[in-house]
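Just input_4.csv here, CSV, C-alpha atoms:
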```csv
chain,number,residue,atom,x,y,z
A,342,MET,CA,11.3,90.8,-101.5
A,343,LYS,CA,15.0,90.2,-101.9
A,344,PRO,CA,16.5,86.9,-102.9
A,345,ILE,CA,17.6,85.5,-99.5
A,346,GLU,CA,14.4,86.7,-97.9
A,347,SER,CA,12.2,85.0,-100.5
A,348,ALA,CA,14.3,81.8,-100.3
A,349,LEU,CA,13.7,81.7,-96.5
A,350,GLU,CA,10.0,82.7,-96.8
A,351,PRO,CA,8.6,79.0,-96.8
A,352,ILE,CA,10.5,78.2,-93.5
A,353,VAL,CA,10.6,81.5,-91.8
A,354,ALA,CA,7.8,80.6,-89.3
A,355,TYR,CA,10.0,77.7,-88.0
A,356,LEU,CA,13.5,79.1,-88.5
A,357,ILE,CA,15.3,80.1,-85.3
A,358,SER,CA,18.7,80.7,-86.6
A,359,MET,CA,21.2,80.1,-89.4
A,360,THR,CA,24.7,79.6,-88.3
A,361,ARG,CA,28.0,79.1,-90.2
A,362,ASP,CA,30.6,76.5,-89.1
A,363,THR,CA,33.7,78.4,-90.0
A,364,LYS,CA,36.0,75.4,-89.5
A,365,LYS,CA,34.1,73.2,-92.0
A,366,GLY,CA,32.8,76.0,-94.1
A,367,TRP,CA,29.1,75.1,-94.1
A,368,TYR,CA,25.9,76.3,-92.7
A,369,PHE,CA,23.4,74.7,-90.3
A,370,LEU,CA,19.9,75.7,-89.5
A,371,THR,CA,18.2,75.6,-86.1
A,372,VAL,CA,14.4,75.2,-86.4
A,373,GLY,CA,11.5,74.7,-84.0
A,374,ILE,CA,8.9,72.2,-84.9
A,375,PRO,CA,5.7,71.3,-83.2
A,376,LYS,CA,5.4,68.3,-80.8
A,377,GLY,CA,4.5,65.2,-82.7
A,378,TRP,CA,6.0,66.2,-86.0
A,379,VAL,CA,8.1,63.5,-87.7
A,380,PHE,CA,11.5,64.0,-89.3
A,381,THR,CA,14.5,61.9,-90.0
A,382,GLU,CA,18.0,62.4,-91.3
A,383,ASN,CA,19.5,60.9,-94.4
A,384,ASN,CA,23.0,60.2,-95.8
A,385,GLU,CA,23.3,63.9,-96.9
A,386,ILE,CA,21.7,65.8,-94.0
A,387,SER,CA,21.7,65.2,-90.3
A,388,CYS,CA,18.9,66.1,-87.8
A,389,LYS,CA,19.7,66.4,-84.2
A,390,ILE,CA,17.3,67.3,-81.4
A,391,VAL,CA,18.9,70.2,-79.5
A,392,GLU,CA,16.1,70.8,-77.0
A,393,LYS,CA,12.8,69.2,-76.2
A,394,LEU,CA,10.1,71.7,-75.1
A,395,GLU,CA,6.4,71.4,-74.1
A,396,GLU,CA,5.4,73.0,-77.4
A,397,GLY,CA,7.8,70.9,-79.6
A,398,ASN,CA,11.4,70.3,-80.4
A,399,ILE,CA,14.3,72.5,-81.4
A,400,ILE,CA,16.3,70.6,-84.0
A,401,GLU,CA,19.5,71.3,-85.8
A,402,ILE,CA,19.7,70.6,-89.5
A,403,ALA,CA,23.3,70.2,-90.8
A,404,PRO,CA,25.0,68.8,-93.8
A,405,ASN,CA,27.0,65.6,-93.7
A,406,ASN,CA,29.4,66.7,-96.4
A,407,VAL,CA,30.7,69.8,-98.2
A,408,ASN,CA,28.5,69.3,-101.2
A,409,ILE,CA,25.3,70.3,-99.3
A,410,VAL,CA,24.7,74.0,-99.3
A,411,VAL,CA,22.4,76.2,-97.3
A,412,ASP,CA,19.8,76.0,-100.1
A,413,ASP,CA,19.6,72.3,-99.7
A,414,LEU,CA,19.1,72.7,-95.9
A,415,VAL,CA,16.2,75.1,-96.5
A,416,ASP,CA,14.7,72.7,-99.0
A,417,PHE,CA,15.0,69.9,-96.5
A,418,VAL,CA,13.2,71.9,-93.8
A,419,GLU,CA,10.5,72.6,-96.4
A,420,ILE,CA,10.1,68.9,-96.9
A,421,ILE,CA,9.7,68.4,-93.2
A,422,ILE,CA,7.1,71.1,-93.1
A,423,GLU,CA,5.2,69.9,-96.1
A,424,THR,CA,5.3,66.2,-95.0
A,425,ASN,CA,3.9,67.1,-91.5
A,426,GLU,CA,1.2,69.4,-93.0
A,427,LYS,CA,0.1,66.5,-95.2
A,428,ILE,CA,0.0,64.2,-92.2
A,429,ALA,CA,-2.0,66.7,-90.2
A,430,GLN,CA,-4.4,67.2,-93.1
A,431,LYS,CA,-4.9,63.4,-93.5
A,432,GLU,CA,-5.5,63.2,-89.7
A,433,GLN,CA,-8.0,66.0,-89.9
A,434,GLU,CA,-9.8,64.3,-92.9
A,435,PHE,CA,-9.9,61.1,-90.9
A,436,THR,CA,-11.2,62.9,-87.8
A,437,ASN,CA,-13.9,64.6,-89.9
A,438,GLU,CA,-14.9,61.2,-91.5
A,439,MET,CA,-15.1,59.6,-88.0
A,440,GLN,CA,-17.3,62.5,-86.8
A,441,GLU,CA,-19.6,62.1,-89.7
A,442,MET,CA,-19.8,58.3,-89.1
A,443,LYS,CA,-20.4,58.9,-85.5
A,444,ARG,CA,-23.2,61.4,-86.3
A,445,MET,CA,-24.8,58.9,-88.8
A,446,LEU,CA,-24.6,56.1,-86.2
A,447,GLU,CA,-26.2,58.3,-83.6
A,448,GLU,CA,-29.0,59.1,-86.0
A,449,LYS,CA,-29.4,55.4,-86.8
A,450,ALA,CA,-29.5,54.5,-83.1
A,451,LYS,CA,-32.0,57.2,-82.4
A,452,ARG,CA,-34.3,55.9,-85.2
A,453,PHE,CA,-33.8,52.3,-83.9
A,454,TYR,CA,-34.7,53.2,-80.4
A,455,GLU,CA,-37.7,55.2,-81.5
A,456,GLU,CA,-38.9,52.2,-83.6
A,457,LEU,CA,-38.3,49.9,-80.6
A,458,ASP,CA,-40.3,52.2,-78.3
A,459,GLU,CA,-43.1,52.3,-80.8
A,460,LEU,CA,-43.0,48.5,-81.0
A,461,LYS,CA,-43.1,48.2,-77.3
A,462,ASP,CA,-46.1,50.6,-77.1
A,463,ASN,CA,-48.1,49.5,-80.0
A,464,SER,CA,-47.1,46.0,-81.0
A,465,PHE,CA,-48.2,44.1,-77.9
A,466,LYS,CA,-51.5,46.0,-77.8
A,467,LYS,CA,-52.2,45.3,-81.4
A,468,ASN,CA,-51.3,41.6,-81.0
A,469,SER,CA,-53.3,41.4,-77.8
A,470,ASP,CA,-56.4,42.9,-79.5
A,471,GLU,CA,-56.1,40.5,-82.4
A,472,PHE,CA,-55.7,37.6,-80.0
A,473,VAL,CA,-58.9,38.7,-78.2
A,474,LYS,CA,-60.8,38.9,-81.5
A,475,THR,CA,-59.6,35.4,-82.4
A,476,LEU,CA,-60.8,34.1,-79.0
A,477,GLN,CA,-64.2,35.8,-79.5
A,478,SER,CA,-64.6,34.4,-83.0
A,479,GLN,CA,-63.7,30.9,-81.7
A,480,LYS,CA,-66.3,31.2,-79.0
A,481,ASP,CA,-68.9,32.3,-81.6
A,482,GLU,CA,-68.0,29.3,-83.8
A,483,LYS,CA,-68.2,26.9,-80.9
A,484,ARG,CA,-71.8,28.1,-80.1
A,485,ARG,CA,-72.9,27.5,-83.7
A,486,VAL,CA,-71.2,24.2,-84.3
A,487,GLY,CA,-71.5,21.7,-81.6
A,488,ARG,CA,-73.2,18.5,-80.6
A,489,PRO,CA,-76.8,18.7,-79.9
A,490,LYS,CA,-77.8,18.8,-76.3
A,491,LYS,CA,-78.4,15.4,-74.6
A,492,GLU,CA,-82.0,16.1,-74.0
A,493,ASP,CA,-82.7,16.7,-77.6
A,494,SER,CA,-81.0,13.5,-78.7
A,495,THR,CA,-82.7,11.4,-76.0
A,496,ALA,CA,-86.1,12.7,-77.0
A,497,GLU,CA,-85.4,11.9,-80.6
A,498,GLN,CA,-84.4,8.3,-79.8
A,499,THR,CA,-87.6,7.9,-77.8
A,500,THR,CA,-89.8,9.0,-80.5
A,501,THR,CA,-88.0,6.8,-83.0
A,502,HIS,CA,-88.4,3.7,-80.8
A,503,ALA,CA,-92.1,4.3,-80.4
A,504,THR,CA,-92.9,4.5,-84.0
A,505,GLU,CA,-91.1,1.3,-84.9
```
Is it possible to express this structure as structure tokens?
Amino acid sequence: MKPIESALEPIVAYLISMTRDTKKGWYFLTVGIPKGWVFTENNEISCKIVEKLEEGNIIEIAPNNVNIVVDDLVDFVEIIIETNEKIAQKEQEFTNEMQEMKRMLEEKAKRFYEELDELKDNSFKKNSDEFVKTLQSQKDEKRRVGRPKKEDSTAEQTTTHATE
């Protein structure tokens, strides 16, 4: 690879043209960047949207003074590319994290609803059966413990009066 080709290699996928302004004696680059990418100019280099397309924007990167050379413009385009790739990577990480959280919440909800269904099916039946057992044991206790029948107590009183 030759020196100019290797210098342009990092931005070649986005580079549309490199033009020289013969009056001012400097270069400017025309690059295409995807829609949604961020960029901004600074005191040394200007960025101007030349055309807005469905796929993205065509921007012109130009120096603001004679001290900025074509190498600086290439480096600036690299910064735009790297910054937006980092942003895209961070967005992808967040999306993946959200997908994992969504999956975990769905699993938790599934377990919750399964447990809830089990409670609906079994809990009332179990509590109802225990209630019935409690009622039956209370009936058994009432039969064993209770007041003597009136007939028995009257007969006892009669016999007690007669002996006195």
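Proximity to Cys388 (chain A) at 12 Å, evaluated using all atoms listed in the file and with sequence-adjacent residues fewer than 3 positions away removed, yields Phe369, Leu370, Thr371, Val372, Gly373, Val379, Phe380, Thr381, Glu382, Asn383, Asn384, Glu385, Val391, Asn398, Ile399, Ile400, Glu401, Ile402, Ala403, Pro404, Asn405, Leu414, Phe417, Val418 and Ile421 of chain A.
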Atomic distance CA of Arg361 (chain A) - CA of Asp416 (chain A), expressed in Å with one decimal:
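Going from CA of Arg361 (chain A) over to CA of Asp416 (chain A) covers 17.2 Å.
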Which of these residues is nearest to Thr360 (chain A), using all atoms listed in the file: A:Met442, A:Val473, A:Ala450, A:Val411?
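Of all the options, A:Val411 lies closest to Thr360 (chain A).
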Considering only C-alpha atoms, return as a PyMOL selection string whatever protein or nucleic-acid residues lie within 7 Å of Glu419 (chain A), sequence-local ones (same chain, fewer than 4 positions apart) excluded.
chain A and resi 351-352+415+423
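Our summary of the geometry notes that CA of Ile345 (chain A) is positioned 18.9 Å from CA of Asp362 (chain A).
For Gly377 (chain A), the set of protein, DNA and RNA residues having any atom at most 10 Å away, when counting only C-alpha atoms and skipping those fewer than 6 positions along the same chain, is A:Glu396, A:Gly397, A:Asn398, A:Asn425.
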